[in-house]
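Here is the structure we will look at, set down as structure tokens.
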Amino acid sequence: MTSCLLFLLILFALMSSIMTAAEPAGCKIRITDKGLEMLKLETQKFVEEELSNISMPEMKGKEGRFQYTITDVKITELNLTHADLRFIPEVGLLFDVQNSSISLSFNRQILYWFFYDTGNINASAEGVNINTALNMIRDDEGRLKINNITCDAKIAKMRAKFSGTLGRVYDFVATFLTTGMRFLLNQQICPALNHAALVHVNSMLETIPVRTEVDQFIGIDYSLIDDPVVTSRSLDMHFRGMFFDLSHQNDTLVNYAVDPVIREYDRMVYLALSEFFFDSGMFSYHTAGIFQMDIVNEKILYITLSNPALVDAPFSLHLAVNSPPKTSIKTSGATVVMTAIVKVMVLPPGQPPVQLSSMTMETKFNAKVSMKGKRLAVHADLRRFKIFSNQSALESLALIPLQAPLKTMLQMSVVPLINNWTKRGVQIPLADGMDFIEEVVEYHNGFIVIGANLHFSKGLREMISGSTKPEPETDII
């Protein structure tokens, strides 16, 4: 009894571990420290703009015989020359500013005994240090999101220069005023950066498609399957990378493919795609009924007919793929195998169609993957073609002379149809304004890795400002 119970417990543990095993990714993206270096300048500009918009409250107070009011505080210049953007392992990103400066101006109203004076004060904050850590996670919808921010801002010292009639007389209160101003400025920096990241940047991240339509037949699921993996050199994102039939959006395919592996860091960004990524697309198109067609009046072959009266009648070929095409990726390249049933029909005028033959067509295509901007496209070329009869071995022998003309028909009619769909490409999950350039495609056993550099067609501010106007691809709810 004890042995039986122990066996059941072990079996339950094994089943639980299998059920909770990590889901392989169909698509992975790695942003390297080289990509982060390019993003640093845009981030610096964005932070400068956000800090320039800081709103400072009015200051009022009394010091001995002096009564003062400080208004219209404006930041006139930021010099964040010593800024750095880098990865924090297991956390996310760090934006670090050291020994920088901020120039600002404000108006004063000062009452000293019976003298009333107004004027402008130019001040400078020196030794500005800002340390901001962004924690990156996968949210409930599978999006990349900034979860929280740890921010620490310090200003080492602040100087002020008075202008006006009693400017020199008031210099001795400059220390008092700048101490208060430094305190207020310290209190405003982190809230401004928190709002910028949690509101503005997250709004931009929400425009990156998670479940989106590819065309009128299929969509793609780019939801993250786990939190991003952050090391000192990269941020890796693992996406489901699964296509689906729009008429069966809840259908899920099990990913048995090899999990893609990205080992390189030399380029700014890497995209890895497994066989599952491509197979799910083929499966979805097959489910949607795309892989079938009728070719009428094609003068492609000569068939000996039992009824000579039908020789002059037009022909029709009905081609239907009978199972989802399968992708194979090797170091030598990528291929797609497709099997279809071809029915040869004759269409005598005024009579029902007559089936002359039913054939099985086995084809193998070379598939070339390419990137344009942030759209992935595939071009197919016919590599191998074979037909045999579904009715008899003798008829299969009779079909041998038809191999060449049918292959020509396939190259002229079917291959262009396939490429017409695949050349449109599918958008990869990058923000609008970021594009791949200088791509290099590498084929591995079971997956493809595309290394590229990044081109920003928009600044970070423009990308965020346009977050309410995403690209014309409809998210699926």
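For the structure tokens, the naming scheme is as follows: chains receive sequential letters (A, B, ...) according to their order of presentation, residues are indexed from 1 within each chain, and ligands are indexed from 1 in presentation order.
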- Message: Please identify the strand (DSSP E or B) residues within range 119-234 of chain A (assignment by DSSP from backbone atoms) and present them as an NGL selection string.
- Response: :A and (119-138 or 144-162 or 211-213 or 218-221 or 224 or 229-230 or 234)
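Using only C-alpha atoms, the contacts of Ile428 in chain A at a cut-off of 8 Å, with sequence neighbours closer than 4 positions omitted, comprise Lys374, Arg375 and Leu376 of chain A.
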Go ahead and write the selection's residues with N, CA, C and O atoms as an mmCIF file, in the first residue's frame.
```cif
data_model
loop_
_atom_site.group_PDB
_atom_site.id
_atom_site.type_symbol
_atom_site.label_atom_id
_atom_site.label_comp_id
_atom_site.auth_asym_id
_atom_site.auth_seq_id
_atom_site.Cartn_x
_atom_site.Cartn_y
_atom_site.Cartn_z
ATOM 1 N N LYS A 374 10.659 46.618 -40.410
ATOM 2 C CA LYS A 374 10.352 45.665 -39.344
ATOM 3 C C LYS A 374 9.316 44.643 -39.818
ATOM 4 O O LYS A 374 8.545 44.101 -39.030
ATOM 5 N N ARG A 375 9.320 44.373 -41.124
ATOM 6 C CA ARG A 375 8.425 43.370 -41.681
ATOM 7 C C ARG A 375 9.246 42.196 -42.191
ATOM 8 O O ARG A 375 10.232 42.356 -42.909
ATOM 9 N N LEU A 376 8.809 41.012 -41.799
ATOM 10 C CA LEU A 376 9.463 39.773 -42.185
ATOM 11 C C LEU A 376 8.734 39.188 -43.389
ATOM 12 O O LEU A 376 7.516 39.059 -43.380
#
```
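In terms of minimum interatomic distance to Asn366 in chain A, A:Ile329 ranks closest within A:Ile329, A:Val73, A:Ile341, A:Ala320, counting only C-alpha atoms.
If you measure from each of A:Asp96, A:Asp251, A:Glu77, A:Asp215 to Arg424 in chain A using only C-alpha atoms, the closest one turns out to be A:Asp215.
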- Message: as JSON, numbers by chain, please: the residues near range 140-143 of chain A (cut-off 8 Å, only C-alpha atoms, same-chain neighbours under 2 positions excluded).
- Response: {"A": [138, 145, 205, 206, 210, 222, 223, 224, 225, 226]}
Those same residues - all heavy atoms - I'd like them written as a short mmCIF file (atom, residue, chain, number, x, y, z; two decimals), in the first residue's frame.
```cif
data_model
loop_
_atom_site.label_atom_id
_atom_site.label_comp_id
_atom_site.auth_asym_id
_atom_site.auth_seq_id
_atom_site.Cartn_x
_atom_site.Cartn_y
_atom_site.Cartn_z
N ARG A 138 6.49 41.32 -17.89
CA ARG A 138 5.39 40.92 -18.79
C ARG A 138 4.09 41.19 -18.04
O ARG A 138 3.90 40.69 -16.93
CB ARG A 138 5.51 39.44 -19.13
CG ARG A 138 4.30 38.87 -19.85
CD ARG A 138 4.31 37.35 -19.77
NE ARG A 138 3.17 36.76 -20.46
CZ ARG A 138 1.97 36.59 -19.95
NH1 ARG A 138 1.74 37.00 -18.70
NH2 ARG A 138 0.99 36.03 -20.64
N LYS A 145 6.26 45.84 -20.24
CA LYS A 145 5.75 46.96 -19.45
C LYS A 145 6.78 47.37 -18.41
O LYS A 145 7.50 46.53 -17.86
CB LYS A 145 4.44 46.57 -18.77
CG LYS A 145 3.81 47.67 -17.93
CD LYS A 145 2.53 47.17 -17.28
CE LYS A 145 1.89 48.25 -16.41
NZ LYS A 145 0.65 47.75 -15.77
N LEU A 205 4.71 51.50 -25.46
CA LEU A 205 4.83 50.04 -25.47
C LEU A 205 3.49 49.37 -25.78
O LEU A 205 3.44 48.28 -26.36
CB LEU A 205 5.36 49.55 -24.12
CG LEU A 205 6.80 49.93 -23.78
CD1 LEU A 205 7.17 49.48 -22.37
CD2 LEU A 205 7.78 49.35 -24.79
N GLU A 206 2.39 50.04 -25.41
CA GLU A 206 1.07 49.47 -25.68
C GLU A 206 0.72 49.48 -27.16
O GLU A 206 -0.21 48.79 -27.58
CB GLU A 206 0.01 50.24 -24.89
CG GLU A 206 0.04 49.96 -23.40
CD GLU A 206 -0.96 50.80 -22.63
OE1 GLU A 206 -1.69 51.58 -23.29
OE2 GLU A 206 -1.01 50.69 -21.40
N VAL A 210 0.29 42.81 -29.93
CA VAL A 210 0.35 41.56 -29.19
C VAL A 210 -0.43 40.48 -29.95
O VAL A 210 0.12 39.47 -30.33
CB VAL A 210 -0.19 41.73 -27.76
CG1 VAL A 210 -0.28 40.38 -27.04
CG2 VAL A 210 0.71 42.66 -26.96
N TYR A 222 1.82 37.70 -30.55
CA TYR A 222 3.16 38.07 -30.13
C TYR A 222 3.21 38.31 -28.62
O TYR A 222 4.02 39.11 -28.14
CB TYR A 222 3.61 39.35 -30.83
CG TYR A 222 4.22 39.15 -32.20
CD1 TYR A 222 3.80 39.93 -33.27
CD2 TYR A 222 5.22 38.22 -32.42
CE1 TYR A 222 4.36 39.78 -34.53
CE2 TYR A 222 5.78 38.06 -33.67
CZ TYR A 222 5.35 38.84 -34.72
OH TYR A 222 5.91 38.69 -35.97
N SER A 223 2.38 37.64 -27.86
CA SER A 223 2.40 37.85 -26.42
C SER A 223 3.67 37.25 -25.82
O SER A 223 4.15 36.20 -26.25
CB SER A 223 1.16 37.22 -25.77
OG SER A 223 1.09 35.84 -26.08
N LEU A 224 4.22 37.94 -24.85
CA LEU A 224 5.38 37.42 -24.12
C LEU A 224 4.95 36.21 -23.30
O LEU A 224 3.88 36.21 -22.69
CB LEU A 224 5.96 38.48 -23.20
CG LEU A 224 6.72 39.64 -23.85
CD1 LEU A 224 6.96 40.75 -22.83
CD2 LEU A 224 8.05 39.16 -24.41
N ILE A 225 5.78 35.17 -23.28
CA ILE A 225 5.44 33.98 -22.50
C ILE A 225 6.08 34.02 -21.12
O ILE A 225 5.75 33.18 -20.27
CB ILE A 225 5.85 32.69 -23.24
CG1 ILE A 225 7.35 32.67 -23.54
CG2 ILE A 225 5.06 32.56 -24.54
CD1 ILE A 225 7.83 31.39 -24.20
N ASP A 226 6.97 34.98 -20.89
CA ASP A 226 7.56 35.16 -19.56
C ASP A 226 8.14 36.56 -19.47
O ASP A 226 8.13 37.32 -20.44
CB ASP A 226 8.62 34.09 -19.25
CG ASP A 226 9.66 33.95 -20.36
OD1 ASP A 226 9.92 34.95 -21.06
OD2 ASP A 226 10.20 32.85 -20.54
#
```
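Of note, CA of Glu275 in chain A and CA of Phe239 in chain A are spaced 13.8 Å apart.
For His318 in chain A, the set of protein, DNA and RNA residues having any atom at most 6 Å away, when counting only C-alpha atoms and skipping those fewer than 4 positions along the same chain, is Met293, Asp294, Val342 and Lys343 of chain A.
Shortest atom-to-atom contact with Ala380 in chain A among A:Met338, A:Ile450, A:Met345, A:Met409: A:Met338, counting only C-alpha atoms.
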- For Glu42 in chain A, please output as a ChimeraX atom specification all residues within 10 Å (counting only C-alpha atoms; exclusion window: fewer than 5 positions along the same chain). /A:37,47-48,456,458-461
Output of the above residues as a PDB file, in the first residue's frame, restricted to N, CA and C atoms:
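Output contents, as saved in result.pdb:
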```pdb
ATOM      1  N   GLU A  37      23.105  51.592 -26.623  1.00  0.00           N
ATOM      2  CA  GLU A  37      23.968  52.754 -26.801  1.00  0.00           C
ATOM      3  C   GLU A  37      23.350  53.739 -27.780  1.00  0.00           C
ATOM      4  N   VAL A  47      14.565  62.802 -21.584  1.00  0.00           N
ATOM      5  CA  VAL A  47      14.633  63.174 -20.175  1.00  0.00           C
ATOM      6  C   VAL A  47      14.827  64.686 -20.026  1.00  0.00           C
ATOM      7  N   GLU A  48      15.667  65.267 -20.865  1.00  0.00           N
ATOM      8  CA  GLU A  48      15.867  66.716 -20.814  1.00  0.00           C
ATOM      9  C   GLU A  48      14.562  67.458 -21.073  1.00  0.00           C
ATOM     10  N   PHE A 456      16.407  54.549 -36.298  1.00  0.00           N
ATOM     11  CA  PHE A 456      15.278  55.273 -35.718  1.00  0.00           C
ATOM     12  C   PHE A 456      14.793  56.314 -36.726  1.00  0.00           C
ATOM     13  N   LYS A 458      12.124  57.928 -36.194  1.00  0.00           N
ATOM     14  CA  LYS A 458      11.495  58.931 -35.344  1.00  0.00           C
ATOM     15  C   LYS A 458      12.296  59.036 -34.054  1.00  0.00           C
ATOM     16  N   GLY A 459      12.280  60.215 -33.464  1.00  0.00           N
ATOM     17  CA  GLY A 459      12.866  60.368 -32.149  1.00  0.00           C
ATOM     18  C   GLY A 459      11.963  59.750 -31.098  1.00  0.00           C
ATOM     19  N   LEU A 460      12.512  59.525 -29.904  1.00  0.00           N
ATOM     20  CA  LEU A 460      11.725  58.907 -28.849  1.00  0.00           C
ATOM     21  C   LEU A 460      10.511  59.749 -28.495  1.00  0.00           C
ATOM     22  N   ARG A 461      10.666  61.063 -28.466  1.00  0.00           N
ATOM     23  CA  ARG A 461       9.525  61.944 -28.182  1.00  0.00           C
ATOM     24  C   ARG A 461       8.441  61.780 -29.232  1.00  0.00           C
TER      25      ARG A 461
END
```
- Can you tell me, as a list of chain:residue names, what residues are no more than 8 Å from Gly26 in chain A when counting only C-alpha atoms, ignoring any on the same chain fewer than 5 positions away? A:His238, A:Phe239, A:Arg240, A:Gly241, A:Met242, A:Asn255, A:Asp259, A:Pro260, A:Leu273, A:Ser274, A:Glu275, A:Phe276, A:Phe277
- Query: Per DSSP on the backbone, what are the alpha helix (DSSP H) residues of range 385-443 of chain A, as a PyMOL selection string?
  - Reply: chain A and resi 393-398+403-409+415-422
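Counting only C-alpha atoms, the residue from A:Arg65, A:Arg108, A:Arg233, A:His286 that sits nearest to Gly35 in chain A is A:Arg233.
Each of A:Val269, A:Pro24, A:Val414, A:Pro89 was checked against Gln292 in chain A using only C-alpha atoms; the smallest atom-to-atom distance is that of A:Val414.
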